[in-house]
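What follows is the content of work_34.txt (compact mmCIF, C-alpha atoms (C1' of nucleotides)).
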```txt
# COMPACT_ATOMS: atom_id res chain seq x y z
CA MET A 16 -12.34 26.22 -7.11
CA THR A 17 -9.36 26.42 -9.40
CA PRO A 18 -5.73 25.55 -9.10
CA LYS A 19 -3.34 28.42 -8.62
CA GLY A 20 -2.82 30.06 -11.96
CA ASN A 21 0.78 31.20 -11.83
CA MET A 22 2.25 27.77 -11.67
CA SER A 23 4.24 26.59 -14.63
CA ALA A 24 4.99 22.94 -15.08
CA LEU A 25 8.51 23.91 -16.06
CA TYR A 26 9.22 25.63 -12.75
CA PHE A 27 7.69 22.69 -10.97
CA HIS A 28 9.78 20.14 -12.77
CA SER A 29 12.99 22.11 -12.44
CA ALA A 30 12.60 22.71 -8.73
CA VAL A 31 11.67 19.13 -8.01
CA ALA A 32 14.39 17.79 -10.30
CA GLU A 33 17.03 19.76 -8.46
CA TRP A 34 15.75 18.46 -5.12
CA TYR A 35 15.40 14.91 -6.37
CA GLY A 36 18.93 14.91 -7.69
CA ARG A 37 20.18 15.30 -4.15
CA ASN A 38 17.46 13.53 -2.20
CA ALA A 39 16.22 10.57 -4.21
CA ARG A 40 15.78 7.58 -1.96
CA ASP A 41 18.05 4.67 -2.72
CA LEU A 42 15.60 1.82 -3.14
CA PRO A 43 16.41 -1.67 -4.41
CA TRP A 44 13.85 -1.58 -7.23
CA ARG A 45 15.36 1.65 -8.50
CA SER A 46 18.71 0.13 -9.38
CA GLU A 47 20.04 -2.88 -11.24
CA PRO A 48 19.16 -5.58 -11.69
CA TYR A 49 15.62 -4.89 -10.54
CA VAL A 50 15.06 -1.56 -12.24
CA SER A 51 15.09 -3.22 -15.64
CA ASP A 52 13.01 -6.21 -14.56
CA PRO A 53 9.25 -5.59 -14.96
CA TYR A 54 8.48 -8.53 -12.69
CA ALA A 55 10.58 -7.02 -9.90
CA ILE A 56 8.90 -3.65 -10.37
CA LEU A 57 5.52 -5.32 -10.21
CA VAL A 58 6.44 -7.12 -6.99
CA SER A 59 7.65 -3.89 -5.42
CA GLU A 60 4.48 -2.04 -6.40
CA VAL A 61 2.18 -4.71 -5.04
CA MET A 62 4.12 -4.66 -1.78
CA LEU A 63 3.91 -0.88 -1.69
CA GLN A 64 0.13 -0.99 -1.86
CA GLN A 65 -0.96 0.18 1.58
CA THR A 66 2.48 -0.46 2.98
CA GLN A 67 5.29 1.97 3.72
CA VAL A 68 8.66 1.78 2.01
CA ASP A 69 10.65 0.99 5.16
CA ARG A 70 8.70 -2.15 5.75
CA VAL A 71 8.75 -3.17 2.10
CA VAL A 72 12.48 -2.95 1.42
CA PRO A 73 13.65 -6.00 3.42
CA LYS A 74 10.67 -8.07 2.31
CA PHE A 75 11.26 -7.17 -1.30
CA ASN A 76 14.83 -8.42 -1.11
CA GLU A 77 13.71 -11.61 0.58
CA PHE A 78 10.98 -12.13 -1.95
CA MET A 79 13.22 -11.66 -4.96
CA ALA A 80 15.73 -14.06 -3.49
CA ALA A 81 13.03 -16.67 -2.92
CA PHE A 82 11.05 -16.10 -6.13
CA PRO A 83 13.49 -14.48 -8.55
CA THR A 84 11.32 -14.86 -11.62
CA LEU A 85 7.65 -14.87 -12.44
CA ALA A 86 7.89 -18.53 -13.41
CA LYS A 87 9.47 -19.41 -10.06
CA LEU A 88 6.72 -17.57 -8.25
CA ALA A 89 4.03 -19.36 -10.23
CA ALA A 90 5.62 -22.69 -9.41
CA ALA A 91 5.93 -21.96 -5.70
CA GLN A 92 3.61 -23.32 -3.04
CA LEU A 93 1.13 -20.57 -2.15
CA GLY A 94 1.72 -21.20 1.54
CA ASP A 95 5.39 -20.31 1.10
CA VAL A 96 4.46 -17.02 -0.51
CA ILE A 97 2.06 -16.25 2.35
CA ARG A 98 4.75 -17.18 4.86
CA LEU A 99 7.19 -14.78 3.28
CA TRP A 100 4.54 -12.06 3.33
CA SER A 101 4.56 -12.02 7.14
CA GLY A 102 4.72 -8.49 8.50
CA LEU A 103 3.51 -6.78 5.38
CA GLY A 104 -0.18 -7.02 6.12
CA TYR A 105 -3.07 -7.45 3.73
CA ASN A 106 -2.17 -11.07 3.07
CA ARG A 107 -4.60 -11.36 0.21
CA ARG A 108 -2.07 -9.44 -1.85
CA ALA A 109 0.21 -12.48 -1.62
CA VAL A 110 -2.58 -14.73 -2.86
CA ARG A 111 -3.33 -12.43 -5.77
CA LEU A 112 0.32 -11.99 -6.71
CA HIS A 113 0.73 -15.74 -6.86
CA LEU A 114 -2.41 -16.00 -8.97
CA LEU A 115 -1.15 -13.21 -11.19
CA ALA A 116 2.05 -15.13 -11.88
CA ALA A 117 0.11 -18.22 -12.86
CA THR A 118 -2.21 -16.18 -15.06
CA VAL A 119 0.60 -14.44 -16.91
CA LEU A 120 2.40 -17.72 -17.37
CA GLU A 121 -0.61 -19.52 -18.76
CA LEU A 122 -2.29 -16.80 -20.75
CA MET A 123 0.52 -14.48 -21.77
CA GLY A 124 3.48 -16.71 -22.35
CA GLY A 125 5.11 -15.54 -19.14
CA GLU A 126 5.55 -11.97 -20.36
CA LEU A 127 4.01 -9.18 -18.31
CA PRO A 128 1.93 -6.86 -20.46
CA SER A 129 3.33 -3.36 -20.84
CA ASP A 130 0.15 -1.31 -21.22
CA VAL A 131 -2.13 0.00 -18.51
CA GLU A 132 -5.20 -1.66 -19.94
CA ARG A 133 -3.96 -5.21 -19.83
CA LEU A 134 -2.03 -4.75 -16.59
CA ARG A 135 -5.18 -3.47 -14.98
CA ALA A 136 -6.95 -6.72 -15.80
CA LEU A 137 -4.53 -8.81 -13.75
CA PRO A 138 -5.45 -9.95 -10.23
CA GLY A 139 -4.46 -7.49 -7.51
CA VAL A 140 -3.59 -4.81 -10.03
CA GLY A 141 -5.71 -1.67 -9.74
CA PRO A 142 -5.40 1.76 -11.33
CA TYR A 143 -2.30 2.75 -9.38
CA THR A 144 -0.28 -0.43 -9.84
CA ALA A 145 -1.16 -0.67 -13.53
CA ALA A 146 0.01 2.89 -14.15
CA ALA A 147 3.08 2.46 -11.95
CA VAL A 148 4.27 -0.68 -13.75
CA ALA A 149 3.56 0.75 -17.19
CA CYS A 150 5.47 3.90 -16.28
CA PHE A 151 8.33 2.62 -14.09
CA ALA A 152 8.97 -0.70 -15.80
CA PHE A 153 8.08 0.09 -19.40
CA GLY A 154 8.63 3.82 -19.59
CA ALA A 155 5.08 4.72 -20.57
CA ALA A 156 4.29 8.41 -20.16
CA VAL A 157 1.08 7.88 -18.24
CA PRO A 158 -0.14 9.71 -15.14
CA VAL A 159 0.50 7.78 -11.94
CA ALA A 160 -1.83 8.69 -9.11
CA GLU A 161 -1.34 7.53 -5.56
CA THR A 162 -1.81 9.12 -2.21
CA ASN A 163 1.58 10.88 -1.91
CA ILE A 164 1.26 12.39 -5.35
CA TYR A 165 -2.29 13.47 -4.67
CA ARG A 166 -1.28 15.09 -1.42
CA VAL A 167 1.67 17.02 -2.84
CA LEU A 168 -0.17 18.28 -5.89
CA SER A 169 -3.29 19.07 -3.91
CA ARG A 170 -1.41 21.13 -1.37
CA VAL A 171 0.76 22.93 -3.85
CA THR A 172 -1.80 23.75 -6.52
CA TRP A 173 -5.16 23.71 -4.76
CA GLY A 174 -4.66 24.62 -1.12
CA VAL A 175 -6.63 23.51 1.91
CA ASP A 176 -10.03 23.40 0.29
CA GLY A 177 -9.67 20.07 -1.37
CA PRO A 178 -10.43 19.56 -5.05
CA SER A 179 -12.58 16.74 -6.31
CA ARG A 180 -10.95 13.50 -7.27
CA LYS A 181 -11.62 14.33 -10.89
CA ASP A 182 -9.96 17.73 -10.58
CA LEU A 183 -6.95 16.19 -8.93
CA ASP A 184 -6.61 13.50 -11.57
CA ALA A 185 -6.64 16.27 -14.16
CA THR A 186 -3.89 18.02 -12.22
CA VAL A 187 -1.74 14.89 -12.18
CA ALA A 188 -2.18 14.60 -15.93
CA ALA A 189 -1.50 18.30 -16.49
CA PHE A 190 1.90 18.08 -14.87
CA LEU A 191 3.10 15.07 -16.82
CA PRO A 192 6.56 15.96 -18.14
CA ASP A 193 6.84 16.75 -21.83
CA LYS A 194 9.89 16.84 -24.07
CA ALA A 195 11.11 20.13 -22.60
CA SER A 196 11.07 18.80 -19.08
CA PRO A 197 14.22 17.63 -17.28
CA PHE A 198 12.15 14.68 -16.10
CA SER A 199 11.07 11.39 -17.55
CA ALA A 200 7.53 10.48 -16.52
CA SER A 201 8.99 7.75 -14.38
CA ALA A 202 11.45 9.91 -12.46
CA TRP A 203 8.87 12.66 -12.07
CA HIS A 204 6.34 10.46 -10.34
CA GLN A 205 8.97 8.83 -8.17
CA ALA A 206 10.28 12.25 -7.21
CA LEU A 207 6.78 13.35 -6.19
CA MET A 208 6.37 10.21 -4.13
CA ASP A 209 9.69 10.82 -2.37
CA LEU A 210 8.66 14.39 -1.72
CA GLY A 211 5.34 13.26 -0.30
CA ALA A 212 6.89 10.54 1.82
CA THR A 213 9.74 12.57 3.29
CA ILE A 214 8.81 16.27 3.16
CA CYS A 215 5.18 16.85 2.33
CA THR A 216 3.96 14.35 4.90
CA ALA A 217 0.37 14.12 6.01
CA ARG A 218 0.74 15.02 9.66
CA SER A 219 3.59 17.49 9.92
CA PRO A 220 4.97 18.62 6.59
CA ARG A 221 8.46 20.08 6.65
CA CYS A 222 7.76 23.01 4.39
CA GLY A 223 11.10 24.63 5.17
CA LEU A 224 12.87 21.88 3.24
CA CYS A 225 10.46 21.72 0.33
CA PRO A 226 11.61 22.74 -3.15
CA LEU A 227 8.10 23.98 -3.87
CA ARG A 228 7.59 26.11 -0.77
CA ASP A 229 7.72 29.37 -2.72
CA VAL A 230 4.85 28.45 -4.99
CA CYS A 231 2.88 26.22 -2.64
CA ARG A 232 -0.63 27.31 -1.89
CA THR A 233 -0.71 25.59 1.49
CA ALA A 234 2.79 26.26 2.85
CA PRO A 235 2.07 29.86 3.95
CA LEU A 236 -0.86 28.70 6.02
CA LEU A 237 1.12 25.91 7.62
CA ARG A 238 4.04 28.18 8.38
CA GLN A 239 1.77 30.78 9.89
CA SER A 240 -0.13 28.57 12.25
CA GLY A 241 2.04 25.50 12.30
CA GLU A 242 -1.08 23.61 13.13
CA ARG A 243 -1.60 19.95 12.63
CA ASP A 244 -5.29 20.53 12.10
CA LEU A 245 -4.47 22.57 9.05
CA ALA A 246 -2.05 19.95 7.80
CA LYS A 247 -4.75 17.37 8.17
CA ALA A 248 -7.26 19.60 6.44
CA SER A 249 -4.98 19.76 3.43
CA VAL A 250 -4.85 15.99 3.00
CA PRO A 251 -7.29 14.99 0.27
CA TYR A 252 -9.48 11.94 0.81
CA ALA A 253 -8.21 10.96 4.23
CA PRO A 254 -10.45 8.01 5.06
CA LYS A 255 -11.89 7.56 8.51
CA GLN A 256 -10.61 4.46 10.13
CA SER A 257 -12.58 1.78 11.84
CA MET A 258 -11.56 -0.03 15.00
CA PHE A 259 -8.89 -2.66 14.59
CA ALA A 260 -8.18 -4.48 17.87
CA GLY A 261 -10.76 -7.20 18.31
CA SER A 262 -12.07 -6.87 14.78
CA ALA A 263 -12.41 -9.71 12.32
CA ARG A 264 -9.44 -8.46 10.34
CA PHE A 265 -7.37 -8.43 13.54
CA TYR A 266 -8.08 -12.11 14.22
CA ARG A 267 -7.72 -13.06 10.56
CA GLY A 268 -4.20 -11.66 10.69
CA ARG A 269 -3.48 -13.51 13.93
CA ILE A 270 -4.71 -16.82 12.51
CA VAL A 271 -2.54 -16.58 9.41
CA GLU A 272 0.41 -15.56 11.56
CA VAL A 273 -0.01 -18.61 13.81
CA LEU A 274 -0.28 -20.90 10.79
CA ARG A 275 2.91 -19.45 9.36
CA GLY A 276 4.71 -21.02 12.29
CA LEU A 277 3.80 -24.47 11.01
CA SER A 278 6.03 -26.16 8.51
CA GLY A 279 4.62 -26.89 5.07
CA GLY A 280 1.83 -29.44 4.98
CA GLN A 281 1.33 -29.33 8.72
CA ALA A 282 -2.16 -28.49 10.02
CA MET A 283 -3.59 -27.20 13.28
CA SER A 284 -6.91 -28.00 14.84
CA LEU A 285 -9.58 -25.37 15.18
CA ALA A 286 -9.56 -25.68 18.96
CA GLU A 287 -5.81 -25.39 19.18
CA LEU A 288 -6.00 -22.31 17.01
CA GLY A 289 -8.64 -20.91 19.33
CA PHE A 290 -6.43 -21.31 22.36
CA ALA A 291 -3.54 -19.70 20.53
CA LEU A 292 -5.75 -16.73 19.67
CA PHE A 293 -7.91 -15.91 22.64
CA ASP A 294 -6.49 -15.83 26.16
CA ALA A 295 -9.79 -17.19 27.48
CA PHE A 296 -10.88 -19.40 24.64
CA ASP A 297 -14.12 -21.16 25.39
CA VAL A 298 -14.93 -24.00 23.02
CA GLN A 299 -18.66 -23.70 23.60
CA ARG A 300 -18.83 -19.96 23.23
CA ASP A 301 -16.18 -19.22 20.60
CA THR A 302 -16.35 -22.10 18.17
CA GLU A 303 -18.93 -20.41 16.00
CA ARG A 304 -16.75 -17.36 15.71
CA MET A 305 -13.70 -19.45 14.88
CA ASN A 306 -15.68 -21.17 12.15
CA ALA A 307 -16.69 -17.88 10.62
CA LEU A 308 -13.15 -16.54 10.76
CA VAL A 309 -11.54 -19.63 9.26
CA ASP A 310 -14.18 -20.06 6.58
CA GLY A 311 -13.70 -16.45 5.58
CA LEU A 312 -9.96 -17.02 5.25
CA ALA A 313 -10.58 -20.19 3.27
CA ARG A 314 -12.80 -18.26 0.88
CA ASP A 315 -9.90 -15.90 0.25
CA ASN A 316 -7.54 -18.82 -0.34
CA LEU A 317 -5.46 -17.78 2.62
CA VAL A 318 -5.99 -21.06 4.45
CA VAL A 319 -7.17 -24.54 3.64
CA ARG A 320 -9.65 -26.22 5.91
CA GLU A 321 -10.48 -29.87 6.20
CA ASP A 322 -13.03 -30.56 8.92
CA GLU A 323 -11.34 -29.37 12.11
CA TRP A 324 -7.93 -29.00 10.52
CA VAL A 325 -6.53 -25.78 9.19
CA GLN A 326 -3.29 -24.97 7.37
CA LEU A 327 -1.76 -22.63 4.84
CA PRO A 328 -2.53 -23.56 1.24
C1' DT B 14 -2.33 4.14 24.98
C1' DT B 15 -4.56 5.62 20.68
C1' DC B 16 -4.02 7.16 15.98
C1' DC B 17 -3.04 6.60 11.41
C1' DA B 18 -0.61 5.57 6.84
C1' DG B 19 -1.55 2.99 2.75
C1' DG B 20 -4.80 0.50 -2.99
C1' DA B 21 -7.73 -3.27 -4.60
C1' DT B 22 -11.98 -5.42 -4.61
C1' DG B 23 -16.94 -7.04 -4.08
C1' DC C 93 -19.14 2.05 0.67
C1' DA C 94 -16.98 -1.75 3.76
C1' DT C 95 -13.31 -4.86 4.13
C1' DC C 96 -8.63 -6.30 4.25
C1' DC C 97 -3.35 -5.92 8.20
C1' DT C 98 0.61 -4.05 10.65
C1' DG C 99 4.00 -1.25 13.00
C1' DG C 100 5.60 3.29 13.86
C1' DA C 101 4.23 8.08 15.25
C1' DA C 102 1.98 10.94 18.42
```

Can you turn what I pasted into structure tokens?
Amino acid sequence: MTPKGNMSALYFHSAVAEWYGRNARDLPWRSEPYVSDPYAILVSEVMLQQTQVDRVVPKFNEFMAAFPTLAKLAAAQLGDVIRLWSGLGYNRRAVRLHLLAATVLELMGGELPSDVERLRALPGVGPYTAAAVACFAFGAAVPVAETNIYRVLSRVTWGVDGPSRKDLDATVAAFLPDKASPFSASAWHQALMDLGATICTARSPRCGLCPLRDVCRTAPLLRQSGERDLAKASVPYAPKQSMFAGSARFYRGRIVEVLRGLSGGQAMSLAELGFALFDAFDVQRDTERMNALVDGLARDNLVVREDEWVQLP
DNA sequence: TTCCAGGATG
DNA sequence: CATCCTGGAA
């Protein structure tokens, strides 16, 4: 299995640059004042973890208004950060972001590190976010690998028989812009993400609008059959999903959402929470489950429990 | 109604 | 490898 041989990085960059020039999404963290504020970039990237741009944009603006600096975030009540996170999902990200702010303030003099290594060590910052912040906020020419970029490069250079993760990481690195490229590393990765999010989508890619259709290894197959199965087959590492409704993570989300409705410092009893959650809450039968749910949330610092009383931290 | 997009962590 | 959440697409 090898990537298509006749593909020059220069052609790639030129075609995508031309497209990006006309189709770049106008996102708040891509313009002033946020684009030159590493903290703002970090916030946007944490929000973008597992969350689509459309849902992030309004929350990002709210968040920056409420916690305009890293110091302000560190000083904020965690419960207020969790409250603001409503609708984004994966609430633990809010907890980690708050912890990150405190960590940077205490250990790094309030200055976010600019290199992948040290960024990676911060809470809630994994390989993607570390690379994204280093590249987008500090201009580092490092490969940034996330699902859109993987999908675009996999389809274009490898085809439907997916490469290994290692192969694909090598591909991302191989296409990093050099001096001759019309792209900065930052703009290149953002262009690929825009392409993946708007054209080279997972379910039904719009190959007719893609600047890379003429060199894409997958486009001819998609055009020929137009089949969703084939589109799906060309998505690398699509995880299988487990049931959501009725699951622990479903009720965890509901609990936090109910507690958000309380004003700061106010608590709710376990039983009251139960009735708010289950249409047929039975104290005898469901108390054990409530305990498990709430204790799990408390372990993640998403709630604080005192005997029968629960509230946001 | 079901399906699915989307990174970090233990 | 399982867990963490939500809303929009199909």

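Here atom CA of Ala32 of chain A is placed at a distance of 29.4 Å from atom CA of Pro128 of chain A.
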
I'd like a table as a Markdown table: residues in chain B with an atom no more than 6 Å from chain A, each row giving the shortest atom pair and its distance in Å to one decimal, only C-alpha atoms (C1' of nucleotides) counted, sorted by chain and rising residue number.
```
| residue | atom | partner | partner_atom | distance |
| --- | --- | --- | --- | --- |
| B:DG19 | C1' | A:Gln65 | CA | 3.1 |
| B:DG20 | C1' | A:Gln64 | CA | 5.3 |
| B:DA21 | C1' | A:Gly141 | CA | 5.7 |
```

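Minimum atom-to-atom distance to Arg70 of chain A, evaluated using only C-alpha atoms, belongs to A:Gly102 out of A:Pro53, A:Pro48, A:Gly36, A:Gly102.
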
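Taking atom CA of Cys215 of chain A and atom C1' of DA18 of chain B as the two end points, the separation is 13.5 Å.
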
_As an exercise, work out the distance from atom CA of Ser101 of chain A to atom CA of Ala260 of chain A in Å and give it to one decimal place._
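Straight-line distance from atom CA of Ser101 of chain A to atom CA of Ala260 of chain A works out to 18.3 Å.
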
*Smallest atom-to-atom distance to chain C: which of A:Ser219, A:Thr213, A:Ser59, A:Ser51, using all atoms listed in the file?*
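When distances to chain C are compared using all atoms listed in the file, the smallest one comes from A:Ser219.
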
*Taking (5.0, 23.0, 6.0) in the file's coordinates, which residues come within 7 Å, counting all atoms listed in the file, written as a ChimeraX atom specification?*
/A:219-223,234,237-238

Residue selection dump (C-alpha atoms) as an mmCIF file, in the frame of the given file:
```
data_model
loop_
_atom_site.group_PDB
_atom_site.id
_atom_site.type_symbol
_atom_site.label_atom_id
_atom_site.label_comp_id
_atom_site.auth_asym_id
_atom_site.auth_seq_id
_atom_site.Cartn_x
_atom_site.Cartn_y
_atom_site.Cartn_z
ATOM 1 C CA SER A 219 3.590 17.490 9.920
ATOM 2 C CA PRO A 220 4.970 18.620 6.590
ATOM 3 C CA ARG A 221 8.460 20.080 6.650
ATOM 4 C CA CYS A 222 7.760 23.010 4.390
ATOM 5 C CA GLY A 223 11.100 24.630 5.170
ATOM 6 C CA ALA A 234 2.790 26.260 2.850
ATOM 7 C CA LEU A 237 1.120 25.910 7.620
ATOM 8 C CA ARG A 238 4.040 28.180 8.380
#
```

*asked:* Nearest residue to chain C out of A:Glu132, A:Asp229, A:Asp301, A:Asp69, using only C-alpha atoms (C1' of nucleotides)?
replied: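 Closest candidate: A:Asp69.
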
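Any residue of chain A with an atom no more than 7 Å from chain C counts as a contact; using all atoms listed in the file, that gives Gly102, Leu103, Gly104, Tyr105, Arg264 and Gly268 of chain A.
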
*asked:* With distances taken over all atoms listed in the file, which residue among A:Asp315, A:Met123, A:Trp203, A:Phe153 lies nearest DT22 of chain B?
replied: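 The closest residue to DT22 of chain B is A:Asp315.
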
*Choose the residue, out of A:Ala156, A:Arg111, A:Asn106, A:Tyr252, that has the smallest atom-to-atom separation from Arg267 of chain A; count all atoms listed in the file.*
A:Asn106

*Between A:Arg275, A:Leu183, A:Ser201, A:Gly177, which has the minimum distance to Leu245 of chain A (counting only C-alpha atoms)?*
A:Gly177

Taking every listed atom of segment 150-160 of chain A and adding 4 Å to each side, what centre and edge lengths in Å (one decimal) does the axis-aligned box have, as lines of an AutoDock Vina configuration file?
```
center_x = 3.6
center_y = 4.5
center_z = -14.8
size_x = 18.8
size_y = 18.4
size_z = 19.5
```

Kindly complete segment 317-326 of chain A to all heavy atoms; the output should be written as a short mmCIF file (atom, residue, chain, number, x, y, z; two decimals), keeping the file's coordinate frame.
```
data_model
loop_
_atom_site.label_atom_id
_atom_site.label_comp_id
_atom_site.auth_asym_id
_atom_site.auth_seq_id
_atom_site.Cartn_x
_atom_site.Cartn_y
_atom_site.Cartn_z
N LEU A 317 -6.58 -18.02 1.72
CA LEU A 317 -5.46 -17.78 2.62
C LEU A 317 -5.18 -18.98 3.50
O LEU A 317 -4.07 -19.16 4.02
CB LEU A 317 -5.73 -16.54 3.49
CG LEU A 317 -5.34 -15.23 2.81
CD1 LEU A 317 -6.03 -14.05 3.46
CD2 LEU A 317 -3.83 -15.04 2.84
N VAL A 318 -6.19 -19.82 3.71
CA VAL A 318 -5.99 -21.06 4.45
C VAL A 318 -6.77 -22.17 3.75
O VAL A 318 -7.63 -21.91 2.92
CB VAL A 318 -6.49 -20.97 5.92
CG1 VAL A 318 -5.86 -19.79 6.63
CG2 VAL A 318 -8.01 -20.87 5.97
N VAL A 319 -6.40 -23.39 4.12
CA VAL A 319 -7.17 -24.54 3.64
C VAL A 319 -7.75 -25.23 4.86
O VAL A 319 -7.05 -25.43 5.85
CB VAL A 319 -6.25 -25.52 2.87
CG1 VAL A 319 -7.01 -26.81 2.58
CG2 VAL A 319 -5.76 -24.88 1.59
N ARG A 320 -9.02 -25.56 4.78
CA ARG A 320 -9.65 -26.22 5.91
C ARG A 320 -10.17 -27.59 5.51
O ARG A 320 -10.77 -27.75 4.46
CB ARG A 320 -10.82 -25.38 6.41
CG ARG A 320 -11.61 -26.09 7.49
CD ARG A 320 -12.71 -25.26 8.04
NE ARG A 320 -13.32 -25.97 9.17
CZ ARG A 320 -14.26 -25.48 9.94
NH1 ARG A 320 -14.73 -24.27 9.71
NH2 ARG A 320 -14.76 -26.19 10.92
N GLU A 321 -9.91 -28.55 6.39
CA GLU A 321 -10.48 -29.87 6.20
C GLU A 321 -11.05 -30.30 7.53
O GLU A 321 -10.30 -30.59 8.47
CB GLU A 321 -9.41 -30.85 5.72
CG GLU A 321 -9.80 -31.60 4.46
CD GLU A 321 -8.72 -32.57 4.05
OE1 GLU A 321 -7.64 -32.09 3.65
OE2 GLU A 321 -8.95 -33.78 4.17
N ASP A 322 -12.36 -30.30 7.64
CA ASP A 322 -13.03 -30.56 8.92
C ASP A 322 -12.48 -29.62 9.99
O ASP A 322 -12.58 -28.42 9.84
CB ASP A 322 -12.86 -32.03 9.33
CG ASP A 322 -13.44 -32.97 8.27
OD1 ASP A 322 -14.51 -32.63 7.74
OD2 ASP A 322 -12.83 -34.00 7.98
N GLU A 323 -11.83 -30.20 11.01
CA GLU A 323 -11.34 -29.37 12.11
C GLU A 323 -9.90 -28.92 11.88
O GLU A 323 -9.32 -28.28 12.74
CB GLU A 323 -11.42 -30.15 13.43
CG GLU A 323 -12.85 -30.51 13.83
CD GLU A 323 -13.76 -29.29 13.87
OE1 GLU A 323 -13.51 -28.39 14.69
OE2 GLU A 323 -14.70 -29.24 13.04
N TRP A 324 -9.35 -29.28 10.73
CA TRP A 324 -7.93 -29.00 10.52
C TRP A 324 -7.70 -27.84 9.56
O TRP A 324 -8.31 -27.77 8.49
CB TRP A 324 -7.23 -30.27 10.03
CG TRP A 324 -7.27 -31.34 11.06
CD1 TRP A 324 -8.16 -32.36 11.16
CD2 TRP A 324 -6.42 -31.46 12.20
NE1 TRP A 324 -7.91 -33.11 12.27
CE2 TRP A 324 -6.84 -32.58 12.94
CE3 TRP A 324 -5.32 -30.70 12.68
CZ2 TRP A 324 -6.22 -32.98 14.12
CZ3 TRP A 324 -4.70 -31.12 13.86
CH2 TRP A 324 -5.15 -32.25 14.56
N VAL A 325 -6.79 -26.99 9.97
CA VAL A 325 -6.53 -25.78 9.19
C VAL A 325 -5.04 -25.65 8.91
O VAL A 325 -4.21 -25.93 9.78
CB VAL A 325 -6.99 -24.52 9.97
CG1 VAL A 325 -6.92 -23.30 9.08
CG2 VAL A 325 -8.39 -24.71 10.52
N GLN A 326 -4.70 -25.22 7.70
CA GLN A 326 -3.29 -24.97 7.37
C GLN A 326 -3.19 -23.96 6.23
O GLN A 326 -4.18 -23.63 5.59
CB GLN A 326 -2.59 -26.27 6.98
CG GLN A 326 -3.19 -26.92 5.74
CD GLN A 326 -2.53 -28.23 5.38
OE1 GLN A 326 -1.32 -28.30 5.26
NE2 GLN A 326 -3.33 -29.27 5.19
#
```
